[in-house]
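K.L.:
What follows is work_32.pdb; its format and atoms are PDB, C-alpha atoms.
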ATOM      1  CA  MET A  30     150.724 150.486  89.111
ATOM      2  CA  PRO A  31     153.258 147.675  89.485
ATOM      3  CA  GLU A  32     154.861 149.451  92.453
ATOM      4  CA  SER A  33     151.480 149.907  94.154
ATOM      5  CA  THR A  34     150.628 146.235  93.593
ATOM      6  CA  THR A  35     153.992 145.181  95.005
ATOM      7  CA  SER A  36     153.504 147.340  98.092
ATOM      8  CA  THR A  37     150.034 145.921  98.636
ATOM      9  CA  THR A  38     151.346 142.378  98.305
ATOM     10  CA  ARG A  39     154.194 143.080 100.687
ATOM     11  CA  GLY A  40     151.756 144.538 103.218
ATOM     12  CA  ARG A  41     149.575 141.469 103.027
ATOM     13  CA  VAL A  42     152.599 139.220 103.572
ATOM     14  CA  LEU A  43     153.682 141.235 106.586
ATOM     15  CA  ARG A  44     150.176 141.183 108.072
ATOM     16  CA  THR A  45     149.940 137.449 107.474
ATOM     17  CA  ALA A  46     153.323 136.879 109.126
ATOM     18  CA  ALA A  47     152.308 139.031 112.089
ATOM     19  CA  GLY A  48     149.062 137.091 112.419
ATOM     20  CA  LEU A  49     150.924 133.791 112.342
ATOM     21  CA  ALA A  50     153.325 135.059 114.994
ATOM     22  CA  VAL A  51     150.395 135.952 117.245
ATOM     23  CA  LEU A  52     148.810 132.532 116.695
ATOM     24  CA  LEU A  53     152.098 130.786 117.455
ATOM     25  CA  ALA A  54     152.539 132.827 120.626
ATOM     26  CA  LEU A  55     148.994 131.986 121.689
ATOM     27  CA  ALA A  56     149.589 128.302 120.960
ATOM     28  CA  GLY A  57     152.791 128.407 123.018
ATOM     29  CA  TYR A  58     150.931 130.027 125.889
ATOM     30  CA  LEU A  59     148.181 127.409 125.774
ATOM     31  CA  VAL A  60     150.743 124.608 125.735
ATOM     32  CA  ALA A  61     152.513 126.162 128.716
ATOM     33  CA  GLN A  62     149.227 126.448 130.561
ATOM     34  CA  TYR A  63     148.472 122.792 129.810
ATOM     35  CA  VAL A  64     151.899 121.650 130.981
ATOM     36  CA  THR A  65     152.014 123.698 134.168
ATOM     37  CA  GLY A  66     148.371 123.475 135.094
ATOM     38  CA  GLY A  67     147.523 127.063 134.205
ATOM     39  CA  ALA A  68     146.733 130.022 136.394
ATOM     40  CA  GLY A  69     144.379 129.117 139.189
ATOM     41  CA  ALA A  70     144.830 125.396 138.611
ATOM     42  CA  PRO A  71     145.919 123.096 141.454
ATOM     43  CA  ARG A  72     149.600 123.623 142.237
ATOM     44  CA  CYS A  73     152.191 122.048 144.518
ATOM     45  CA  THR A  74     155.018 123.852 146.306
ATOM     46  CA  VAL A  75     158.078 122.439 148.006
ATOM     47  CA  ARG A  76     159.970 124.641 150.457
ATOM     48  CA  SER A  77     163.515 124.384 151.685
ATOM     49  CA  ALA A  78     164.038 123.139 155.230
ATOM     50  CA  GLU A  79     167.339 125.019 155.398
ATOM     51  CA  GLY A  80     165.756 128.404 156.118
ATOM     52  CA  ASP A  81     167.110 129.947 152.919
ATOM     53  CA  GLY A  82     163.672 130.665 151.455
ATOM     54  CA  ALA A  83     164.185 128.452 148.397
ATOM     55  CA  THR A  84     160.984 127.101 146.833
ATOM     56  CA  TYR A  85     159.977 125.156 143.763
ATOM     57  CA  GLU A  86     156.489 125.034 142.269
ATOM     58  CA  LEU A  87     155.122 122.265 140.055
ATOM     59  CA  SER A  88     151.850 120.902 138.733
ATOM     60  CA  PRO A  89     149.998 117.956 140.319
ATOM     61  CA  GLU A  90     150.989 115.791 137.344
ATOM     62  CA  GLN A  91     154.647 116.598 137.921
ATOM     63  CA  ALA A  92     154.297 116.052 141.676
ATOM     64  CA  VAL A  93     152.771 112.583 141.181
ATOM     65  CA  ASN A  94     155.598 111.550 138.865
ATOM     66  CA  ALA A  95     158.228 112.953 141.208
ATOM     67  CA  ALA A  96     156.674 111.072 144.137
ATOM     68  CA  THR A  97     156.739 107.825 142.155
ATOM     69  CA  ILE A  98     160.389 108.306 141.196
ATOM     70  CA  SER A  99     161.278 108.935 144.841
ATOM     71  CA  ALA A 100     159.220 106.028 146.202
ATOM     72  CA  VAL A 101     160.823 103.585 143.766
ATOM     73  CA  GLY A 102     164.285 104.771 144.770
ATOM     74  CA  THR A 103     163.768 104.553 148.526
ATOM     75  CA  SER A 104     162.009 101.193 148.152
ATOM     76  CA  ARG A 105     165.223  99.935 146.546
ATOM     77  CA  GLY A 106     167.107 101.147 149.616
ATOM     78  CA  LEU A 107     168.879 103.910 147.694
ATOM     79  CA  PRO A 108     170.074 107.165 149.290
ATOM     80  CA  GLU A 109     168.579 110.597 148.815
ATOM     81  CA  ARG A 110     171.382 111.460 146.397
ATOM     82  CA  ALA A 111     170.158 108.770 143.993
ATOM     83  CA  VAL A 112     166.669 110.261 144.104
ATOM     84  CA  THR A 113     168.081 113.728 143.428
ATOM     85  CA  ILE A 114     169.961 112.434 140.372
ATOM     86  CA  ALA A 115     166.845 110.680 139.065
ATOM     87  CA  LEU A 116     164.621 113.727 139.574
ATOM     88  CA  ALA A 117     167.093 116.097 137.903
ATOM     89  CA  THR A 118     167.342 113.705 134.964
ATOM     90  CA  ALA A 119     163.563 113.500 134.565
ATOM     91  CA  LEU A 120     163.233 117.278 134.881
ATOM     92  CA  GLN A 121     165.626 117.703 131.957
ATOM     93  CA  GLU A 122     164.335 114.843 129.813
ATOM     94  CA  SER A 123     160.571 115.347 130.171
ATOM     95  CA  ALA A 124     159.891 118.153 132.689
ATOM     96  CA  LEU A 125     158.555 115.340 134.933
ATOM     97  CA  ARG A 126     155.814 114.502 132.430
ATOM     98  CA  ASN A 127     155.151 111.011 131.141
ATOM     99  CA  ILE A 128     155.252 112.020 127.486
ATOM    100  CA  LYS A 129     154.546 109.675 124.578
ATOM    101  CA  TYR A 130     157.024 111.228 122.164
ATOM    102  CA  GLY A 131     160.641 112.326 121.978
ATOM    103  CA  ASP A 132     163.835 112.207 119.937
ATOM    104  CA  ARG A 133     163.595 109.189 117.623
ATOM    105  CA  ASP A 134     161.802 106.507 119.687
ATOM    106  CA  SER A 135     162.392 108.078 123.119
ATOM    107  CA  LEU A 136     159.456 107.873 125.544
ATOM    108  CA  GLY A 137     158.365 108.595 129.081
ATOM    109  CA  LEU A 138     159.821 110.355 132.092
ATOM    110  CA  PHE A 139     163.432 109.537 131.269
ATOM    111  CA  GLN A 140     163.063 109.447 127.470
ATOM    112  CA  GLN A 141     164.159 105.821 127.342
ATOM    113  CA  ARG A 142     164.326 104.123 123.943
ATOM    114  CA  PRO A 143     162.768 100.721 123.203
ATOM    115  CA  SER A 144     165.313 100.222 120.419
ATOM    116  CA  GLN A 145     168.128 100.507 122.975
ATOM    117  CA  GLY A 146     166.822  97.770 125.237
ATOM    118  CA  TRP A 147     165.032  99.860 127.874
ATOM    119  CA  GLY A 148     161.782  97.925 127.456
ATOM    120  CA  THR A 149     158.637  97.963 125.366
ATOM    121  CA  PRO A 150     156.838 101.279 124.787
ATOM    122  CA  ARG A 151     154.098 100.174 127.186
ATOM    123  CA  GLN A 152     156.629  99.341 129.884
ATOM    124  CA  ILE A 153     158.576 102.572 129.480
ATOM    125  CA  LEU A 154     155.367 104.609 129.774
ATOM    126  CA  ASP A 155     154.800 103.068 133.218
ATOM    127  CA  PRO A 156     156.487 105.585 135.584
ATOM    128  CA  GLY A 157     157.269 102.869 138.111
ATOM    129  CA  TYR A 158     158.930 100.645 135.508
ATOM    130  CA  SER A 159     160.935 103.457 133.908
ATOM    131  CA  SER A 160     162.122 104.608 137.351
ATOM    132  CA  GLU A 161     163.209 101.070 138.237
ATOM    133  CA  ARG A 162     165.186 100.840 135.007
ATOM    134  CA  PHE A 163     166.883 104.179 135.612
ATOM    135  CA  TYR A 164     167.972 103.150 139.112
ATOM    136  CA  GLU A 165     169.166  99.743 137.867
ATOM    137  CA  HIS A 166     171.571 101.499 135.528
ATOM    138  CA  LEU A 167     172.544 104.143 138.084
ATOM    139  CA  GLU A 168     173.517 101.486 140.641
ATOM    140  CA  LYS A 169     175.996 100.085 138.128
ATOM    141  CA  VAL A 170     177.886 103.404 138.022
ATOM    142  CA  PRO A 171     180.819 103.091 140.472
ATOM    143  CA  GLY A 172     180.676 105.740 143.195
ATOM    144  CA  TYR A 173     177.699 107.500 141.604
ATOM    145  CA  SER A 174     176.722 109.216 144.860
ATOM    146  CA  ARG A 175     180.096 111.003 144.974
ATOM    147  CA  LEU A 176     180.147 112.006 141.325
ATOM    148  CA  PRO A 177     178.915 115.365 140.025
ATOM    149  CA  LEU A 178     175.254 115.012 139.135
ATOM    150  CA  THR A 179     175.912 115.675 135.462
ATOM    151  CA  VAL A 180     178.461 112.862 135.311
ATOM    152  CA  ALA A 181     176.269 110.329 137.112
ATOM    153  CA  ALA A 182     173.207 111.158 135.011
ATOM    154  CA  GLN A 183     175.174 111.105 131.762
ATOM    155  CA  ARG A 184     176.579 107.641 132.439
ATOM    156  CA  VAL A 185     173.009 106.376 132.548
ATOM    157  CA  GLN A 186     171.434 108.514 129.837
ATOM    158  CA  ARG A 187     174.193 108.995 127.252
ATOM    159  CA  SER A 188     172.690 112.359 126.364
ATOM    160  CA  GLY A 189     173.950 114.679 123.664
ATOM    161  CA  PHE A 190     173.737 117.567 126.179
ATOM    162  CA  PRO A 191     175.115 116.215 129.479
ATOM    163  CA  GLN A 192     175.650 119.609 131.108
ATOM    164  CA  ALA A 193     171.917 120.365 130.848
ATOM    165  CA  TYR A 194     171.211 118.230 133.917
ATOM    166  CA  ALA A 195     173.100 120.646 136.186
ATOM    167  CA  LYS A 196     170.523 123.440 136.012
ATOM    168  CA  HIS A 197     167.890 121.169 137.568
ATOM    169  CA  GLU A 198     169.948 120.059 140.561
ATOM    170  CA  PRO A 199     168.699 122.734 143.038
ATOM    171  CA  ASP A 200     165.027 121.982 142.321
ATOM    172  CA  ALA A 201     165.645 118.229 142.317
ATOM    173  CA  ALA A 202     167.413 118.488 145.682
ATOM    174  CA  LEU A 203     164.438 120.359 147.183
ATOM    175  CA  LEU A 204     162.038 117.722 145.880
ATOM    176  CA  ALA A 205     164.212 114.834 147.057
ATOM    177  CA  ALA A 206     164.518 116.252 150.581
ATOM    178  CA  ALA A 207     160.735 116.460 150.856
ATOM    179  CA  LEU A 208     159.781 113.239 149.094
ATOM    180  CA  THR A 209     162.317 111.093 150.958
ATOM    181  CA  GLY A 210     161.027 112.541 154.229
ATOM    182  CA  ARG A 211     164.171 114.349 155.352
ATOM    183  CA  ALA A 212     162.429 117.749 155.306
ATOM    184  CA  PRO A 213     159.197 117.437 157.360
ATOM    185  CA  ALA A 214     156.061 119.360 156.348
ATOM    186  CA  SER A 215     157.827 120.901 153.339
ATOM    187  CA  LEU A 216     155.482 119.863 150.508
ATOM    188  CA  THR A 217     151.992 121.267 150.074
ATOM    189  CA  CYS A 218     149.469 121.196 147.241
ATOM    190  CA  SER A 219     146.189 122.869 146.479
ATOM    191  CA  GLY A 220     143.310 120.442 146.087
ATOM    192  CA  PRO A 221     141.265 119.628 142.983
ATOM    193  CA  ARG A 222     138.824 122.296 141.763
ATOM    194  CA  ASP A 223     135.857 119.927 141.547
ATOM    195  CA  ALA A 224     134.034 118.092 144.304
ATOM    196  CA  GLN A 225     134.438 114.557 143.034
ATOM    197  CA  PRO A 226     134.766 111.947 145.832
ATOM    198  CA  GLY A 227     137.841 109.803 146.298
ATOM    199  CA  LYS A 228     138.142 106.078 146.882
ATOM    200  CA  PRO A 229     140.280 104.668 149.713
ATOM    201  CA  ALA A 230     140.791 101.542 147.594
ATOM    202  CA  ASP A 231     142.500 103.695 144.942
ATOM    203  CA  VAL A 232     144.817 105.164 147.592
ATOM    204  CA  ARG A 233     145.760 101.689 148.799
ATOM    205  CA  ALA A 234     146.379 100.469 145.257
ATOM    206  CA  ALA A 235     148.612 103.447 144.489
ATOM    207  CA  LEU A 236     150.585 102.972 147.724
ATOM    208  CA  VAL A 237     151.237  99.320 146.899
ATOM    209  CA  ARG A 238     152.122 100.206 143.304
ATOM    210  CA  ASP A 239     154.796 102.708 144.352
ATOM    211  CA  PHE A 240     156.109 101.274 147.636
ATOM    212  CA  GLY A 241     155.395  97.565 147.287
ATOM    213  CA  PRO A 242     152.959  95.284 149.167
ATOM    214  CA  ASP A 243     154.714  95.668 152.519
ATOM    215  CA  VAL A 244     153.644  99.306 152.819
ATOM    216  CA  LEU A 245     150.240  98.162 154.148
ATOM    217  CA  PRO A 246     149.075  95.267 156.320
ATOM    218  CA  LYS A 247     147.949  92.357 154.140
ATOM    219  CA  ALA A 248     144.258  93.004 154.863
ATOM    220  CA  GLN A 249     144.506  96.610 153.689
ATOM    221  CA  ALA A 250     146.756  95.871 150.732
ATOM    222  CA  GLY A 251     144.087  93.536 149.409
ATOM    223  CA  GLY A 252     141.327  96.067 149.952
ATOM    224  CA  SER A 253     139.386  93.759 152.296
ATOM    225  CA  ARG A 254     138.997  96.420 154.950
ATOM    226  CA  ASP A 255     136.522  98.455 152.916
ATOM    227  CA  LYS A 256     133.395  96.691 154.220
ATOM    228  CA  ALA A 257     134.608  96.824 157.802
ATOM    229  CA  ASP A 258     135.444 100.499 157.428
ATOM    230  CA  ILE A 259     131.998 101.284 156.056
ATOM    231  CA  ALA A 260     130.298  99.344 158.833
ATOM    232  CA  GLY A 261     132.209 101.281 161.484
ATOM    233  CA  ALA A 262     132.042 104.672 159.813
ATOM    234  CA  ALA A 263     129.279 106.139 161.958
ATOM    235  CA  GLY A 264     130.957 105.238 165.238
ATOM    236  CA  ALA A 265     134.330 106.615 164.202
ATOM    237  CA  SER A 266     133.239 109.773 162.400
ATOM    238  CA  ALA A 267     133.476 111.957 165.494
ATOM    239  CA  LYS A 268     137.178 111.223 165.818
ATOM    240  CA  LEU A 269     137.788 112.600 162.346
ATOM    241  CA  GLY A 270     135.648 115.713 162.635
ATOM    242  CA  GLY A 271     132.663 114.101 160.956
ATOM    243  CA  THR A 272     134.637 112.338 158.224
ATOM    244  CA  PRO A 273     133.585 108.691 157.847
ATOM    245  CA  ALA A 274     136.261 106.163 158.811
ATOM    246  CA  ALA A 275     135.753 104.518 155.435
ATOM    247  CA  ALA A 276     137.308 107.608 153.857
ATOM    248  CA  THR A 277     140.563 107.279 155.827
ATOM    249  CA  VAL A 278     143.466 104.992 155.026
ATOM    250  CA  ALA A 279     145.817 104.466 157.973
ATOM    251  CA  VAL A 280     149.335 103.672 156.775
ATOM    252  CA  PRO A 281     151.477 102.220 159.563
ATOM    253  CA  VAL A 282     154.939 103.589 160.208
ATOM    254  CA  PRO A 283     157.187 100.902 161.754
ATOM    255  CA  ALA A 284     157.930 101.489 165.422
ATOM    256  CA  GLN A 285     161.633 101.929 164.791
ATOM    257  CA  ALA A 286     160.816 104.538 162.137
ATOM    258  CA  ALA A 287     158.288 106.592 164.114
ATOM    259  CA  GLY A 288     160.866 108.668 165.926
ATOM    260  CA  ALA A 289     160.833 112.197 167.282
ATOM    261  CA  PRO A 290     160.296 114.985 164.752
ATOM    262  CA  GLY A 291     163.460 115.541 162.767
ATOM    263  CA  ALA A 292     165.029 112.239 163.779
ATOM    264  CA  ALA A 293     166.339 109.939 161.063
ATOM    265  CA  GLY A 294     163.680 107.363 161.864
ATOM    266  CA  ASP A 295     160.923 109.898 161.271
ATOM    267  CA  ARG A 296     161.719 110.091 157.562
ATOM    268  CA  ARG A 297     159.517 107.158 156.604
ATOM    269  CA  GLY A 298     156.407 108.812 158.019
ATOM    270  CA  TRP A 299     157.051 112.100 156.244
ATOM    271  CA  GLU A 300     157.907 110.286 153.036
ATOM    272  CA  LEU A 301     154.463 108.634 153.088
ATOM    273  CA  ALA A 302     152.742 111.869 154.127
ATOM    274  CA  HIS A 303     154.330 113.895 151.327
ATOM    275  CA  TRP A 304     153.580 111.131 148.831
ATOM    276  CA  ALA A 305     149.894 111.435 149.769
ATOM    277  CA  VAL A 306     149.905 115.232 149.411
ATOM    278  CA  ALA A 307     151.524 114.929 145.974
ATOM    279  CA  HIS A 308     148.684 112.597 144.931
ATOM    280  CA  ALA A 309     145.936 114.815 146.361
ATOM    281  CA  ALA A 310     144.482 115.949 143.031
ATOM    282  CA  GLU A 311     144.791 112.551 141.352
ATOM    283  CA  LEU A 312     143.337 110.479 144.207
ATOM    284  CA  ARG A 313     140.936 113.109 145.613
ATOM    285  CA  ILE A 314     142.732 113.291 148.947
ATOM    286  CA  GLU A 315     141.483 116.098 151.189
ATOM    287  CA  ARG A 316     143.519 115.553 154.359
ATOM    288  CA  VAL A 317     146.840 114.023 155.425
ATOM    289  CA  ALA A 318     147.927 113.814 159.066
ATOM    290  CA  TYR A 319     151.165 112.647 160.665
ATOM    291  CA  ALA A 320     153.194 113.339 163.812
ATOM    292  CA  GLY A 321     150.978 116.085 165.178
ATOM    293  CA  ARG A 322     150.728 117.930 161.852
ATOM    294  CA  ALA A 323     148.019 117.940 159.197
ATOM    295  CA  TRP A 324     147.548 119.224 155.661
ATOM    296  CA  THR A 325     144.105 119.906 154.205
ATOM    297  CA  THR A 326     142.910 120.973 150.781
ATOM    298  CA  GLY A 327     140.811 123.757 152.281
ATOM    299  CA  ASP A 328     143.801 125.627 153.725
ATOM    300  CA  ALA A 329     144.239 128.650 151.463
ATOM    301  CA  ARG A 330     147.753 129.205 152.885
ATOM    302  CA  ARG A 331     148.785 125.705 151.770
ATOM    303  CA  THR A 332     150.643 124.943 154.981
ATOM    304  CA  TRP A 333     150.876 122.127 157.509
ATOM    305  CA  HIS A 334     149.184 122.936 160.818
ATOM    306  CA  SER A 335     148.573 121.260 164.172
ATOM    307  CA  GLY A 336     146.670 118.032 163.635
ATOM    308  CA  ASP A 337     145.023 115.275 165.652
ATOM    309  CA  THR A 338     147.847 112.715 165.530
ATOM    310  CA  PRO A 339     150.377 112.816 168.386
ATOM    311  CA  ASN A 340     154.085 113.367 167.821
ATOM    312  CA  GLY A 341     155.779 110.082 167.038
ATOM    313  CA  SER A 342     152.468 108.610 165.851
ATOM    314  CA  GLY A 343     152.813 105.178 164.331
ATOM    315  CA  GLU A 344     150.637 105.898 161.313
ATOM    316  CA  VAL A 345     149.981 108.340 158.494
ATOM    317  CA  ARG A 346     146.270 109.087 158.010
ATOM    318  CA  ILE A 347     145.140 109.757 154.456
ATOM    319  CA  THR A 348     141.528 110.926 154.109
ATOM    320  CA  THR A 349     139.775 111.069 150.747
ATOM    321  CA  ALA A 350     137.013 113.482 149.755
ATOM    322  CA  GLN A 351     133.469 112.203 150.239
TER     323      GLN A 351
END
Write the structure described by the file as structure tokens, please.

P.N.:
Amino acid sequence: MPESTTSTTRGRVLRTAAGLAVLLALAGYLVAQYVTGGAGAPRCTVRSAEGDGATYELSPEQAVNAATISAVGTSRGLPERAVTIALATALQESALRNIKYGDRDSLGLFQQRPSQGWGTPRQILDPGYSSERFYEHLEKVPGYSRLPLTVAAQRVQRSGFPQAYAKHEPDAALLAAALTGRAPASLTCSGPRDAQPGKPADVRAALVRDFGPDVLPKAQAGGSRDKADIAGAAGASAKLGGTPAAATVAVPVPAQAAGAPGAAGDRRGWELAHWAVAHAAELRIERVAYAGRAWTTGDARRTWHSGDTPNGSGEVRITTAQ
């Protein structure tokens, strides 16, 4: 009898352990689906402009955070290499998610610690603020742009695992090339799965938040164009294939920056265009057009195609869902 009882007990323990293992695996799967967006959820893809077939896929949440990190860097006048270092660091520290937890009191995209003088928890959880703070420290590293990425990142982060940054450098480089505008038409996203409308005022506010007030004319930056846009929507809708003008935000590209496709001056336009695509799900953007190319949420192939803006156009057109 004792042996039989022991065997029964052991069997129950094994079955319980197996059940717990299944539950843990399921929980891990659900967490992964939440983090990445899940199968069938909106996704973003960045493709190499070097013709080597390299790609990197990320969720809309990750794309928005990456776009903010890039915009803050370029707005400070920093080179693409600085953006690559920042993106690789955030990929390692938070997987480009603005998380509210971490080792000890670490928070946010870069896992910065309030106790170490990085700011208050509320400040650190602002992606724009945390990006600014990262770049402030990076700029103090002598010759950072010529250092190995792991060395440059470690001198800012003081991580216990400095070599971990290296594995993210290829993906960070792809993202930086697209988000700084060096690689035209290289970032695409699928649109949101619902039909909620977007607000041009939200697009303008987000542009100013990430790029600063000079990204838009003063009238647009303050949102005062909304009434004028609505009043002229009917007359302008034909130009946009039936889309009301009120749904479109025109972001000017300075004349010296609106160069021929591939030229150095063209980077600003593609930086703004890719920023808008990255924010498509968050801001309910359904179309982005620049320099004779356009991206739309309805394109199942998720590619840029011929659009209605001429090459060298002096503006990026961002159209929200209506």

K.L.:
Residues near A:Leu204, anyone? I mean within 9 Å using only C-alpha atoms, not counting same-chain ones fewer than 6 positions away, as JSON, numbers by chain.

P.N.:
{"A": [75, 76, 77, 85, 92, 95, 96, 99, 112, 113, 116, 216]}

K.L.:
Put those residues in a file: C-alpha atoms, as a PDB file, in the frame of the given file.

P.N.:
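Result written to selection32.pdb:
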ATOM      1  CA  VAL A  75     158.078 122.439 148.006  1.00  0.00           C
ATOM      2  CA  ARG A  76     159.970 124.641 150.457  1.00  0.00           C
ATOM      3  CA  SER A  77     163.515 124.384 151.685  1.00  0.00           C
ATOM      4  CA  TYR A  85     159.977 125.156 143.763  1.00  0.00           C
ATOM      5  CA  ALA A  92     154.297 116.052 141.676  1.00  0.00           C
ATOM      6  CA  ALA A  95     158.228 112.953 141.208  1.00  0.00           C
ATOM      7  CA  ALA A  96     156.674 111.072 144.137  1.00  0.00           C
ATOM      8  CA  SER A  99     161.278 108.935 144.841  1.00  0.00           C
ATOM      9  CA  VAL A 112     166.669 110.261 144.104  1.00  0.00           C
ATOM     10  CA  THR A 113     168.081 113.728 143.428  1.00  0.00           C
ATOM     11  CA  LEU A 116     164.621 113.727 139.574  1.00  0.00           C
ATOM     12  CA  LEU A 216     155.482 119.863 150.508  1.00  0.00           C
TER      13      LEU A 216
END

K.L.:
Would you kindly translate the PyMOL selection byres ((chain A and resi 98) around 12) into the concrete residues it picks from this file, as an mmCIF file with C-alpha atoms, keeping the file's coordinate frame?

P.N.:
data_model
loop_
_atom_site.group_PDB
_atom_site.id
_atom_site.type_symbol
_atom_site.label_atom_id
_atom_site.label_comp_id
_atom_site.auth_asym_id
_atom_site.auth_seq_id
_atom_site.Cartn_x
_atom_site.Cartn_y
_atom_site.Cartn_z
ATOM 1 C CA GLN A 91 154.647 116.598 137.921
ATOM 2 C CA ALA A 92 154.297 116.052 141.676
ATOM 3 C CA VAL A 93 152.771 112.583 141.181
ATOM 4 C CA ASN A 94 155.598 111.550 138.865
ATOM 5 C CA ALA A 95 158.228 112.953 141.208
ATOM 6 C CA ALA A 96 156.674 111.072 144.137
ATOM 7 C CA THR A 97 156.739 107.825 142.155
ATOM 8 C CA SER A 99 161.278 108.935 144.841
ATOM 9 C CA ALA A 100 159.220 106.028 146.202
ATOM 10 C CA VAL A 101 160.823 103.585 143.766
ATOM 11 C CA GLY A 102 164.285 104.771 144.770
ATOM 12 C CA THR A 103 163.768 104.553 148.526
ATOM 13 C CA SER A 104 162.009 101.193 148.152
ATOM 14 C CA ARG A 105 165.223 99.935 146.546
ATOM 15 C CA LEU A 107 168.879 103.910 147.694
ATOM 16 C CA GLU A 109 168.579 110.597 148.815
ATOM 17 C CA ALA A 111 170.158 108.770 143.993
ATOM 18 C CA VAL A 112 166.669 110.261 144.104
ATOM 19 C CA THR A 113 168.081 113.728 143.428
ATOM 20 C CA ILE A 114 169.961 112.434 140.372
ATOM 21 C CA ALA A 115 166.845 110.680 139.065
ATOM 22 C CA LEU A 116 164.621 113.727 139.574
ATOM 23 C CA ALA A 117 167.093 116.097 137.903
ATOM 24 C CA THR A 118 167.342 113.705 134.964
ATOM 25 C CA ALA A 119 163.563 113.500 134.565
ATOM 26 C CA LEU A 120 163.233 117.278 134.881
ATOM 27 C CA LEU A 125 158.555 115.340 134.933
ATOM 28 C CA ARG A 126 155.814 114.502 132.430
ATOM 29 C CA ASN A 127 155.151 111.011 131.141
ATOM 30 C CA LEU A 138 159.821 110.355 132.092
ATOM 31 C CA PHE A 139 163.432 109.537 131.269
ATOM 32 C CA ASP A 155 154.800 103.068 133.218
ATOM 33 C CA PRO A 156 156.487 105.585 135.584
ATOM 34 C CA GLY A 157 157.269 102.869 138.111
ATOM 35 C CA TYR A 158 158.930 100.645 135.508
ATOM 36 C CA SER A 159 160.935 103.457 133.908
ATOM 37 C CA SER A 160 162.122 104.608 137.351
ATOM 38 C CA GLU A 161 163.209 101.070 138.237
ATOM 39 C CA ARG A 162 165.186 100.840 135.007
ATOM 40 C CA PHE A 163 166.883 104.179 135.612
ATOM 41 C CA TYR A 164 167.972 103.150 139.112
ATOM 42 C CA ALA A 201 165.645 118.229 142.317
ATOM 43 C CA LEU A 204 162.038 117.722 145.880
ATOM 44 C CA ALA A 205 164.212 114.834 147.057
ATOM 45 C CA LEU A 208 159.781 113.239 149.094
ATOM 46 C CA THR A 209 162.317 111.093 150.958
ATOM 47 C CA ARG A 238 152.122 100.206 143.304
ATOM 48 C CA ASP A 239 154.796 102.708 144.352
ATOM 49 C CA PHE A 240 156.109 101.274 147.636
ATOM 50 C CA TRP A 304 153.580 111.131 148.831
#

K.L.:
Find the distance between atom CA of A:His303 and atom CA of A:Gln225 and write it in Å to one decimal.

P.N.:
21.6 Å

K.L.:
With all atoms listed in the file as the counted atoms, please give the residues lying no more than 12 Å from A:Ala310, apart from itself and same-chain residues fewer than 3 positions off, as a short mmCIF file (atom, residue, chain, number, x, y, z; two decimals) with C-alpha atoms, in the frame of the given file.

P.N.:
data_model
loop_
_atom_site.label_atom_id
_atom_site.label_comp_id
_atom_site.auth_asym_id
_atom_site.auth_seq_id
_atom_site.Cartn_x
_atom_site.Cartn_y
_atom_site.Cartn_z
CA GLY A 66 148.37 123.48 135.09
CA ALA A 70 144.83 125.40 138.61
CA PRO A 71 145.92 123.10 141.45
CA ARG A 72 149.60 123.62 142.24
CA CYS A 73 152.19 122.05 144.52
CA SER A 88 151.85 120.90 138.73
CA PRO A 89 150.00 117.96 140.32
CA GLU A 90 150.99 115.79 137.34
CA GLN A 91 154.65 116.60 137.92
CA ALA A 92 154.30 116.05 141.68
CA VAL A 93 152.77 112.58 141.18
CA THR A 217 151.99 121.27 150.07
CA CYS A 218 149.47 121.20 147.24
CA SER A 219 146.19 122.87 146.48
CA GLY A 220 143.31 120.44 146.09
CA PRO A 221 141.26 119.63 142.98
CA ARG A 222 138.82 122.30 141.76
CA ASP A 223 135.86 119.93 141.55
CA ALA A 224 134.03 118.09 144.30
CA GLN A 225 134.44 114.56 143.03
CA PRO A 226 134.77 111.95 145.83
CA GLY A 227 137.84 109.80 146.30
CA VAL A 232 144.82 105.16 147.59
CA TRP A 304 153.58 111.13 148.83
CA ALA A 305 149.89 111.44 149.77
CA VAL A 306 149.90 115.23 149.41
CA ALA A 307 151.52 114.93 145.97
CA ARG A 313 140.94 113.11 145.61
CA ILE A 314 142.73 113.29 148.95
CA GLU A 315 141.48 116.10 151.19
CA ARG A 316 143.52 115.55 154.36
CA THR A 325 144.10 119.91 154.21
CA THR A 326 142.91 120.97 150.78
CA THR A 349 139.78 111.07 150.75
CA ALA A 350 137.01 113.48 149.76
#

K.L.:
For each of A:Leu178, A:Ala193, A:Val185, A:Val280, take the minimum atom-to-atom distance to A:Pro242, counting only C-alpha atoms, then give the residue where this is smallest.

P.N.:
A:Val280

K.L.:
Give as a ChimeraX atom specification the set of residues within 7 Å of the point (151.5, 120.5, 163.6), where distances use the file's coordinates and all atoms listed in the file.

P.N.:
/A:321-323,333-336

K.L.:
Between atom CA of A:Leu176 and atom CA of A:Gln145, what is the distance in Å, rounded to a tenth?

P.N.:
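Calculated distance between atom CA of A:Leu176 and atom CA of A:Gln145 is 24.8 Å.
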
K.L.:
Using the chain letters and numbers from this file, what does the PyMOL selection byres ((chain A and resi 135) around 12) select? Give the answer as an NGL selection string.

P.N.:
:A and (122-123 or 127-134 or 136-150 or 153-154 or 159 or 186 or 188)

K.L.:
Rank A:Ala320, A:Ala302, A:Leu203, A:Val170 by their smallest atom-to-atom distance to A:Leu236, using all atoms listed in the file, and report the top residue only.

P.N.:
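Under the stated criterion, the closest residue is A:Ala302.
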
K.L.:
Hey, can you check how far atom CA of A:Ala78 sits from atom CA of A:Gly298?

P.N.:
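Distance between the two atoms: 16.5 Å.
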
K.L.:
Taking into account only C-alpha atoms, which residue in the set A:Thr348, A:Gly189, A:Ala212, A:Trp299 is nearest to A:Ala230?

P.N.:
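Ranking A:Thr348, A:Gly189, A:Ala212, A:Trp299 by distance to A:Ala230, first place goes to A:Thr348.
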